[in-house]
$ cat start21.cif   # mmCIF, C-alpha atoms
data_work
#
loop_
_atom_site.label_atom_id
_atom_site.label_comp_id
_atom_site.auth_asym_id
_atom_site.auth_seq_id
_atom_site.Cartn_x
_atom_site.Cartn_y
_atom_site.Cartn_z
CA MET A 292 -9.00 -11.23 -11.03
CA THR A 293 -11.83 -8.74 -11.27
CA ARG A 294 -12.34 -5.76 -8.99
CA ASP A 295 -15.44 -7.45 -7.58
CA GLU A 296 -13.37 -10.44 -6.55
CA TYR A 297 -10.80 -8.19 -4.90
CA SER A 298 -13.54 -6.20 -3.19
CA GLN A 299 -15.08 -9.39 -1.79
CA ALA A 300 -11.62 -10.60 -0.71
CA PHE A 301 -10.92 -7.33 1.13
CA TYR A 302 -14.35 -7.56 2.75
CA GLU A 303 -13.79 -11.12 3.97
CA GLN A 304 -10.35 -10.32 5.38
CA ALA A 305 -11.76 -7.18 7.03
CA ARG A 306 -14.56 -9.23 8.56
CA SER A 307 -12.08 -11.77 9.91
CA ASP A 308 -9.95 -8.95 11.39
CA TRP A 309 -13.14 -7.51 12.91
CA ASP A 310 -13.98 -10.83 14.56
CA ILE A 311 -10.49 -11.02 16.04
CA TYR A 312 -10.78 -7.40 17.26
CA LYS A 313 -13.97 -8.25 19.15
CA LEU A 314 -12.37 -11.38 20.57
CA LEU A 315 -9.26 -9.54 21.79
CA ALA A 316 -11.12 -6.45 23.02
CA GLY A 317 -13.21 -8.65 25.29
CA ASP A 318 -10.21 -10.42 26.83
CA ARG A 319 -8.74 -8.48 29.76
CA ASN A 320 -5.57 -10.58 29.63
CA VAL A 321 -4.69 -9.21 26.20
CA ARG A 322 -2.86 -5.89 25.91
CA ALA A 323 -4.83 -3.08 24.28
CA CYS A 324 -2.46 -2.64 21.32
CA HIS A 325 -3.34 -6.04 19.88
CA ALA A 326 -7.08 -5.43 19.73
CA LEU A 327 -6.51 -1.93 18.38
CA HIS A 328 -4.18 -3.24 15.70
CA TYR A 329 -6.93 -5.53 14.43
CA LEU A 330 -9.49 -2.73 14.66
CA GLN A 331 -7.31 -0.47 12.50
CA MET A 332 -6.63 -3.21 9.95
CA SER A 333 -10.28 -4.18 9.80
CA CYS A 334 -11.44 -0.60 9.24
CA GLU A 335 -8.81 0.05 6.56
CA LYS A 336 -9.76 -3.07 4.60
CA LEU A 337 -13.48 -2.42 4.94
CA ALA A 338 -13.04 1.02 3.37
CA LYS A 339 -11.01 -0.52 0.56
CA ALA A 340 -13.66 -3.17 -0.04
CA TYR A 341 -16.24 -0.43 -0.56
CA ARG A 342 -13.97 1.55 -2.87
CA LEU A 343 -13.22 -1.48 -4.99
CA ARG A 344 -16.94 -2.05 -5.59
CA GLU A 345 -17.09 1.04 -7.79
CA PRO A 346 -15.68 -0.08 -11.15
CA ASN A 347 -14.65 3.38 -12.36
CA LEU A 348 -12.40 4.31 -9.49
CA SER A 349 -8.75 4.10 -8.43
CA THR A 350 -6.29 1.48 -9.46
CA LEU A 351 -5.87 -1.55 -7.26
CA GLU A 352 -2.23 -0.67 -6.68
CA GLU A 353 -3.13 2.77 -5.36
CA LEU A 354 -5.68 1.29 -3.00
CA THR A 355 -3.52 -1.46 -1.60
CA SER A 356 -0.42 0.66 -1.09
CA GLY A 357 -1.86 3.22 1.36
CA HIS A 358 -3.28 3.07 4.85
CA THR A 359 -5.59 6.06 4.62
CA GLY A 360 -9.14 6.22 3.33
CA PHE A 361 -11.07 5.11 6.38
CA VAL A 362 -11.96 8.65 7.48
CA SER A 363 -13.25 9.47 4.00
CA PHE A 364 -15.20 6.23 4.04
CA VAL A 365 -16.90 6.94 7.37
CA LYS A 366 -17.87 10.46 6.25
CA ALA A 367 -19.33 9.13 3.00
CA PHE A 368 -21.10 6.21 4.70
CA LEU A 369 -22.81 8.61 7.10
CA ARG A 370 -24.15 10.51 4.09
CA SER A 371 -25.20 7.38 2.17
CA SER A 372 -28.88 7.14 1.31
CA GLY A 373 -29.56 4.36 3.80
CA VAL A 374 -28.17 6.28 6.78
CA VAL A 375 -29.77 9.55 5.62
CA ALA A 376 -33.14 7.76 5.44
CA ASP A 377 -32.68 6.43 8.98
CA TYR A 378 -32.16 9.95 10.30
CA LYS A 379 -34.93 11.60 8.28
CA GLY A 380 -36.44 14.39 10.39
CA LYS A 381 -33.60 14.10 12.93
CA THR A 382 -30.98 16.30 11.32
CA ALA A 383 -29.49 17.59 14.58
CA ALA A 384 -28.91 14.04 15.81
CA HIS A 385 -27.43 13.04 12.48
CA GLN A 386 -25.10 16.07 12.51
CA SER A 387 -23.96 15.22 16.01
CA VAL A 388 -23.21 11.61 15.07
CA CYS A 389 -21.30 12.71 11.95
CA LYS A 390 -19.02 15.03 13.91
CA GLY A 391 -18.22 12.45 16.55
CA MET A 392 -17.68 9.57 14.18
CA GLU A 393 -15.25 11.48 11.97
CA LYS A 394 -13.08 12.24 14.99
CA PHE A 395 -13.13 8.62 16.11
CA ALA A 396 -12.34 7.37 12.61
CA ARG A 397 -9.29 9.64 12.55
CA GLU A 398 -8.07 8.21 15.85
CA VAL A 399 -8.40 4.68 14.50
CA GLU A 400 -6.74 5.51 11.19
CA ARG A 401 -3.76 7.01 13.04
CA LEU A 402 -3.07 3.65 14.67
CA ALA A 403 -1.31 2.59 11.45
CA PRO A 404 2.42 3.30 11.98
CA SER A 405 2.82 5.22 8.72
CA VAL A 406 -0.17 7.53 9.14
CA ASP A 407 0.55 11.00 10.54
CA SER A 408 3.62 9.55 12.29
CA GLU A 409 5.46 12.85 12.75
CA THR A 410 2.70 14.52 14.76
CA TYR A 411 1.15 11.36 16.14
CA PRO A 412 3.78 8.63 16.60
CA GLU A 413 1.50 6.54 18.81
CA ASN A 414 0.51 3.44 16.87
CA SER A 415 -0.59 -0.07 17.66
CA GLU A 416 2.32 -1.92 16.08
CA TYR A 417 5.85 -0.48 16.38
CA PRO A 418 7.71 1.21 19.27
CA TRP A 419 8.12 5.00 19.06
CA GLU A 420 10.11 7.67 20.86
CA LYS A 421 8.57 10.33 23.07
CA GLY A 422 10.19 12.62 25.64
CA GLY A 423 13.53 10.84 25.35
CA ARG A 424 11.98 7.43 25.98
CA VAL A 425 11.13 4.55 23.72
CA ILE A 426 7.49 3.59 24.15
CA VAL A 427 6.45 -0.03 23.69
CA PRO A 428 2.96 -0.47 22.21
CA CYS A 429 2.06 -3.35 24.51
CA GLU A 430 2.78 -1.13 27.54
CA TYR A 431 0.93 1.96 26.28
CA ASP A 432 -2.55 2.91 27.53
CA TYR A 433 -3.97 4.58 24.34
CA SER A 434 -5.98 7.10 26.34
CA SER A 435 -7.11 8.82 23.14
CA LEU A 436 -9.03 5.65 22.31
CA ASN A 437 -10.82 5.35 25.63
CA PHE A 438 -13.95 6.44 23.78
CA LEU A 439 -14.31 2.87 22.54
CA GLU A 440 -15.44 1.86 26.02
CA GLN A 441 -17.95 4.69 26.29
CA THR A 442 -21.40 5.29 24.80
CA ALA A 443 -20.11 7.28 21.82
CA GLY A 444 -17.56 4.56 21.12
CA ARG A 445 -20.25 1.94 21.08
CA THR A 446 -22.10 4.02 18.50
CA PHE A 447 -18.91 4.08 16.44
CA LEU A 448 -18.52 0.30 16.67
CA LYS A 449 -22.19 -0.16 15.74
CA LEU A 450 -21.61 2.03 12.70
CA ILE A 451 -18.73 -0.21 11.61
CA GLN A 452 -20.86 -3.29 12.19
CA ARG A 453 -23.61 -1.76 10.06
CA ALA A 454 -21.13 -1.07 7.26
CA PHE A 455 -20.17 -4.74 7.33
CA ASP A 456 -23.82 -5.79 7.30
CA ASP A 457 -24.75 -3.40 4.48
CA TYR A 458 -21.89 -4.68 2.34
CA SER A 459 -22.85 -8.32 2.81
CA SER A 460 -26.57 -7.68 2.26
CA ALA A 461 -25.78 -6.15 -1.14
CA ALA A 462 -23.48 -8.97 -2.23
CA MET B 86 -43.15 7.12 -6.50
CA LYS B 87 -40.33 9.66 -6.61
CA THR B 88 -38.12 9.97 -9.64
CA LYS B 89 -34.38 9.43 -9.46
CA ASP B 90 -33.90 13.18 -9.99
CA GLN B 91 -36.12 13.95 -7.01
CA LEU B 92 -34.31 11.43 -4.82
CA ALA B 93 -30.92 12.80 -5.85
CA LYS B 94 -32.06 16.33 -5.00
CA GLU B 95 -33.37 15.18 -1.60
CA LEU B 96 -30.09 13.45 -0.83
CA ILE B 97 -28.05 16.49 -1.85
CA GLU B 98 -30.23 18.78 0.26
CA ALA B 99 -29.70 16.46 3.22
CA HIS B 100 -25.93 16.66 2.65
CA PHE B 101 -26.02 20.46 2.65
CA GLU B 102 -27.95 20.36 5.92
CA LEU B 103 -25.60 17.84 7.49
CA GLU B 104 -22.25 19.30 6.54
CA GLU B 105 -21.90 23.06 6.63
CA GLY B 106 -18.57 22.92 4.80
CA ILE B 107 -20.13 21.63 1.58
CA SER B 108 -20.42 24.57 -0.81
CA ILE B 109 -21.23 22.83 -4.08
CA VAL B 110 -22.25 19.36 -5.22
CA TYR B 111 -21.74 17.96 -8.69
CA ARG B 112 -24.12 15.18 -9.63
CA MET B 113 -22.31 13.18 -12.28
CA LEU B 114 -24.51 11.93 -15.09
CA SER B 115 -23.62 8.92 -17.19
CA ALA B 116 -24.88 7.82 -20.57
CA HIS B 117 -26.98 5.23 -18.74
CA GLU B 118 -28.25 7.49 -15.98
CA ASP B 119 -31.85 6.31 -16.32
CA ALA B 120 -30.94 2.65 -15.78
CA PRO B 121 -32.31 1.45 -12.42
CA ASP B 122 -28.96 0.02 -11.32
CA GLU B 123 -27.01 3.16 -12.21
CA PRO B 124 -26.03 4.82 -8.94
CA ILE B 125 -26.49 8.48 -8.05
CA LYS B 126 -22.92 9.83 -8.22
CA LEU B 127 -21.97 12.87 -6.15
CA LEU B 128 -18.75 14.88 -6.03
CA GLU B 129 -18.93 17.28 -3.10
CA VAL B 130 -16.65 20.25 -2.49
CA ASN B 131 -16.15 20.55 1.24
CA ASP B 132 -14.12 23.12 3.18
CA ASN B 133 -14.10 20.79 6.16
CA THR B 134 -12.40 17.79 4.64
CA VAL B 135 -8.81 16.65 4.56
CA PRO B 136 -6.90 16.83 1.26
CA THR B 137 -5.83 13.48 -0.18
CA ALA B 138 -4.73 14.62 -3.67
CA ARG B 139 -7.15 12.17 -5.26
CA VAL B 140 -10.86 11.53 -5.58
CA GLU B 141 -11.77 8.93 -2.96
CA ALA B 142 -15.22 7.70 -3.90
CA PHE B 143 -17.27 4.97 -2.26
CA LEU B 144 -20.18 2.96 -3.61
CA PHE B 145 -23.06 2.33 -1.23
CA SER B 146 -25.97 0.02 -1.84
CA GLY B 147 -29.46 1.32 -2.37
CA ASN B 148 -32.61 0.37 -0.53
CA ALA B 149 -36.34 0.16 -1.28
CA GLU B 150 -36.56 3.91 -1.78
CA PHE B 151 -33.12 5.02 -2.96
CA PRO B 152 -30.87 3.72 -5.72
CA ALA B 153 -27.22 3.02 -4.93
CA THR B 154 -25.03 6.08 -4.37
CA VAL B 155 -21.40 6.93 -5.01
CA ILE B 156 -20.08 9.70 -2.79
CA ALA B 157 -16.74 11.52 -2.96
CA GLU B 158 -15.63 14.77 -1.40
CA VAL B 159 -12.69 17.03 -2.11
CA THR B 160 -11.37 20.30 -0.74
CA PRO B 161 -11.87 23.51 -2.74
CA ALA B 162 -8.14 23.45 -3.61
CA GLU B 163 -8.40 19.87 -4.86
CA PHE B 164 -11.43 20.86 -6.88
CA GLU B 165 -9.35 23.54 -8.61
CA GLN B 166 -6.79 20.83 -9.39
CA ILE B 167 -9.55 18.65 -10.83
CA LYS B 168 -10.64 21.51 -13.05
CA SER B 169 -7.09 22.04 -14.26
CA GLY B 170 -6.59 18.33 -14.89
CA LEU B 171 -4.00 17.73 -12.16
CA ILE B 172 -6.30 15.38 -10.24
CA PRO B 173 -8.19 12.94 -12.44
CA LEU B 174 -11.85 12.16 -12.02
CA PRO B 175 -13.00 8.54 -12.04
CA THR B 176 -13.60 7.10 -15.50
CA GLY B 177 -16.90 8.27 -16.93
CA TRP B 178 -17.18 11.29 -14.63
CA SER B 179 -17.19 14.71 -16.25
CA LEU B 180 -17.84 18.15 -14.81
CA GLU B 181 -19.22 19.21 -18.18
CA ASN B 182 -22.02 16.65 -18.00
CA ALA B 183 -22.76 17.20 -14.33
CA GLN B 184 -25.72 18.82 -12.65
CA VAL B 185 -24.53 21.54 -10.27
CA PHE B 186 -26.12 22.22 -6.88
CA LYS B 187 -24.91 25.20 -4.90
CA ARG B 188 -25.61 25.83 -1.26
CA ASP B 189 -28.36 28.37 -0.78
CA ARG B 190 -26.44 30.96 1.23
CA ALA B 191 -29.67 32.72 2.18
CA ALA B 192 -31.04 29.58 3.83
#
$ encode --input "start21.cif" --output "C-alpha cells"
Amino acid sequence: MTRDEYSQAFYEQARSDWDIYKLLAGDRNVRACHALHYLQMSCEKLAKAYRLREPNLSTLEELTSGHTGFVSFVKAFLRSSGVVADYKGKTAAHQSVCKGMEKFAREVERLAPSVDSETYPENSEYPWEKGGRVIVPCEYDYSSLNFLEQTAGRTFLKLIQRAFDDYSSAA
Amino acid sequence: MKTKDQLAKELIEAHFELEEGISIVYRMLSAHEDAPDEPIKLLEVNDNTVPTARVEAFLFSGNAEFPATVIAEVTPAEFEQIKSGLIPLPTGWSLENAQVFKRDRAA
C-alpha cells in the first residue's frame, strides 16, 4: 500500500464519520456524546489524511498510533495559501478566526479519552471520575462544546467542511 | 505573473502578520524547487504553539495563483532539538539549504 492509498482511505473514513456526526447532531433523541465522538474521530482522521499526502513525512505507524494532530492541522490549514488568499486585505478578521478556531480544535481533540486525560478527563467515549462521582458520557452535557451551536461554532464546522472539500478537489 | 519566490515571500509575510508568535520561518528548498508541482515548504518557529516533539507537517493543495504548500510549526525549544538532531526533519528538508525569514521587529 502506498501513502497516497492510505491518505485516501483515511479521508474516506473521515468523511463517513463526518456524515454520521451531522446525522447524529441533528437528532435530538441522540445523546450529545455520540455525535461528539464521531466529530472527534472525523477530525482526527481528516488531519491524518492531509499528513499522509506529504510523501516525506512521518511513518504510518506514528500517525496511526496517536490521537493528536488535529490542532496543528487546523492552525496550518488556516495559514494555507487558499485560506490566506480568501482573507487578503482582511487580516484582522483572519486573525480573529485563527484564534477562535484553534481553541475549538483543542476542545474537539480533547474528546479522545487518551488526550490530556489528567487535566481534562471529560471525553466522549469512556466514563470518568470527578468530585467523587463517576460520570457517564451519555449523561454529560459537554458545556465546553456549546460553541458548536453558536455562530462561531458554525464557522468552525464550515472550516472542517472546507477542508474536506479542498482535499477531494485536489484528488 | 508572480514568481514562486514572490508568492512564497507573500505567504510568509501573511503568516507573520497573522501569528505574532512566529519569530522565524525556514523555507525549505529541494533539488526540484523550480518544478511547478513542487510545493512551497515552510517550517515556522512559533512561541504560541504546543510542543509535540516531532515535526507535524501538512500538505495543502494549490490554486490558480499559489502552488501547493507544506506547513509545519514547532516551538523554539523544539527548534533547538531539530538543530541538535534530536528531532528529525522530514526527508529532503535541510536547514542548511533553507531560506531564512525573520520577523521584522521594527514593523
$ residues_around --input "start21.cif" --residues "B:Phe164" --least-positions-apart "2" --cutoff "12 Å" --atoms "all atoms listed in the file" --output "NGL selection string"
:B and (108-111 or 128-132 or 134 or 136-140 or 157-162 or 166-174 or 180)
$ write_last_selection --input "start21.cif" --atoms "C-alpha atoms" --output "PDB file, keeping the file's coordinate frame"
ATOM      1  CA  SER B 108     -20.420  24.570  -0.810  1.00  0.00           C
ATOM      2  CA  ILE B 109     -21.230  22.830  -4.080  1.00  0.00           C
ATOM      3  CA  VAL B 110     -22.250  19.360  -5.220  1.00  0.00           C
ATOM      4  CA  TYR B 111     -21.740  17.960  -8.690  1.00  0.00           C
ATOM      5  CA  LEU B 128     -18.750  14.880  -6.030  1.00  0.00           C
ATOM      6  CA  GLU B 129     -18.930  17.280  -3.100  1.00  0.00           C
ATOM      7  CA  VAL B 130     -16.650  20.250  -2.490  1.00  0.00           C
ATOM      8  CA  ASN B 131     -16.150  20.550   1.240  1.00  0.00           C
ATOM      9  CA  ASP B 132     -14.120  23.120   3.180  1.00  0.00           C
ATOM     10  CA  THR B 134     -12.400  17.790   4.640  1.00  0.00           C
ATOM     11  CA  PRO B 136      -6.900  16.830   1.260  1.00  0.00           C
ATOM     12  CA  THR B 137      -5.830  13.480  -0.180  1.00  0.00           C
ATOM     13  CA  ALA B 138      -4.730  14.620  -3.670  1.00  0.00           C
ATOM     14  CA  ARG B 139      -7.150  12.170  -5.260  1.00  0.00           C
ATOM     15  CA  VAL B 140     -10.860  11.530  -5.580  1.00  0.00           C
ATOM     16  CA  ALA B 157     -16.740  11.520  -2.960  1.00  0.00           C
ATOM     17  CA  GLU B 158     -15.630  14.770  -1.400  1.00  0.00           C
ATOM     18  CA  VAL B 159     -12.690  17.030  -2.110  1.00  0.00           C
ATOM     19  CA  THR B 160     -11.370  20.300  -0.740  1.00  0.00           C
ATOM     20  CA  PRO B 161     -11.870  23.510  -2.740  1.00  0.00           C
ATOM     21  CA  ALA B 162      -8.140  23.450  -3.610  1.00  0.00           C
ATOM     22  CA  GLN B 166      -6.790  20.830  -9.390  1.00  0.00           C
ATOM     23  CA  ILE B 167      -9.550  18.650 -10.830  1.00  0.00           C
ATOM     24  CA  LYS B 168     -10.640  21.510 -13.050  1.00  0.00           C
ATOM     25  CA  SER B 169      -7.090  22.040 -14.260  1.00  0.00           C
ATOM     26  CA  GLY B 170      -6.590  18.330 -14.890  1.00  0.00           C
ATOM     27  CA  LEU B 171      -4.000  17.730 -12.160  1.00  0.00           C
ATOM     28  CA  ILE B 172      -6.300  15.380 -10.240  1.00  0.00           C
ATOM     29  CA  PRO B 173      -8.190  12.940 -12.440  1.00  0.00           C
ATOM     30  CA  LEU B 174     -11.850  12.160 -12.020  1.00  0.00           C
ATOM     31  CA  LEU B 180     -17.840  18.150 -14.810  1.00  0.00           C
TER      32      LEU B 180
END
$ closest_residue --input "start21.cif" --among "A:Arg322, A:Lys421, A:His328, A:Arg370" --to "chain B" --atoms "all atoms listed in the file"
A:Arg370
$ resolve_selection --input "start21.cif" --expression "the PyMOL selection byres ((chain B) within 9 of (chain A))" --output "ChimeraX atom specification"
/B:96,99-100,102-104,134-135,137,139-148,150-158,174-178
$ residues_around --input "start21.cif" --residues "B:Ser179" --least-positions-apart "6" --cutoff "9 Å" --atoms "all atoms listed in the file" --output "ChimeraX atom specification"
/B:113-115
$ atom_distance --input "start21.cif" --atom1 "atom CA of B:Val185" --atom2 "atom CA of B:Asp122"
22.0 Å
$ atom_distance --input "start21.cif" --atom1 "atom CA of B:Ala93" --atom2 "atom CA of A:Phe447"
26.8 Å
$ resolve_selection --input "start21.cif" --expression "the PyMOL selection byres ((chain B and resi 86) around 12)" --output "VMD selection string"
chain B and resid 87 to 92 149 to 151
$ write_last_selection --input "start21.cif" --atoms "C-alpha atoms" --output "compact mmCIF listing (two decimals), keeping the file's coordinate frame"
# COMPACT_ATOMS: atom_id res chain seq x y z
CA LYS B 87 -40.33 9.66 -6.61
CA THR B 88 -38.12 9.97 -9.64
CA LYS B 89 -34.38 9.43 -9.46
CA ASP B 90 -33.90 13.18 -9.99
CA GLN B 91 -36.12 13.95 -7.01
CA LEU B 92 -34.31 11.43 -4.82
CA ALA B 149 -36.34 0.16 -1.28
CA GLU B 150 -36.56 3.91 -1.78
CA PHE B 151 -33.12 5.02 -2.96
$ atom_distance --input "start21.cif" --atom1 "atom CA of A:Ser298" --atom2 "atom CA of A:Lys313"
22.4 Å
$ closest_residue --input "start21.cif" --among "B:Leu127, B:Glu98, B:Asn133, B:Ala116" --to "B:Gln184" --atoms "only C-alpha atoms"
B:Leu127
$ residues_near_point --input "start21.cif" --point "(-4.7, 5.7, 17.6)" --cutoff "10 Å" --atoms "all atoms listed in the file" --output "list in words"
Cys324, Leu327, His328, Gln331, Phe395, Ala396, Arg397, Glu398, Val399, Glu400, Arg401, Leu402, Ala403, Pro404, Val406, Tyr411, Pro412, Glu413, Asn414, Ser415, Tyr433, Ser434, Ser435 and Leu436 of chain A
$ axis_aligned_box --input "start21.cif" --around "stretch 171-178 of chain B" --padding-each-side "6 Å" --output "AutoDock Vina command-line options"
--center_x -10.6 --center_y 12.4 --center_z -13.6 --size_x 25.2 --size_y 22.6 --size_z 18.7
$ residues_around --input "start21.cif" --residues "A:Ala305" --least-positions-apart "3" --cutoff "6 Å" --atoms "only C-alpha atoms" --output "VMD selection string"
chain A and resid 301 to 302 308 333 336 to 337
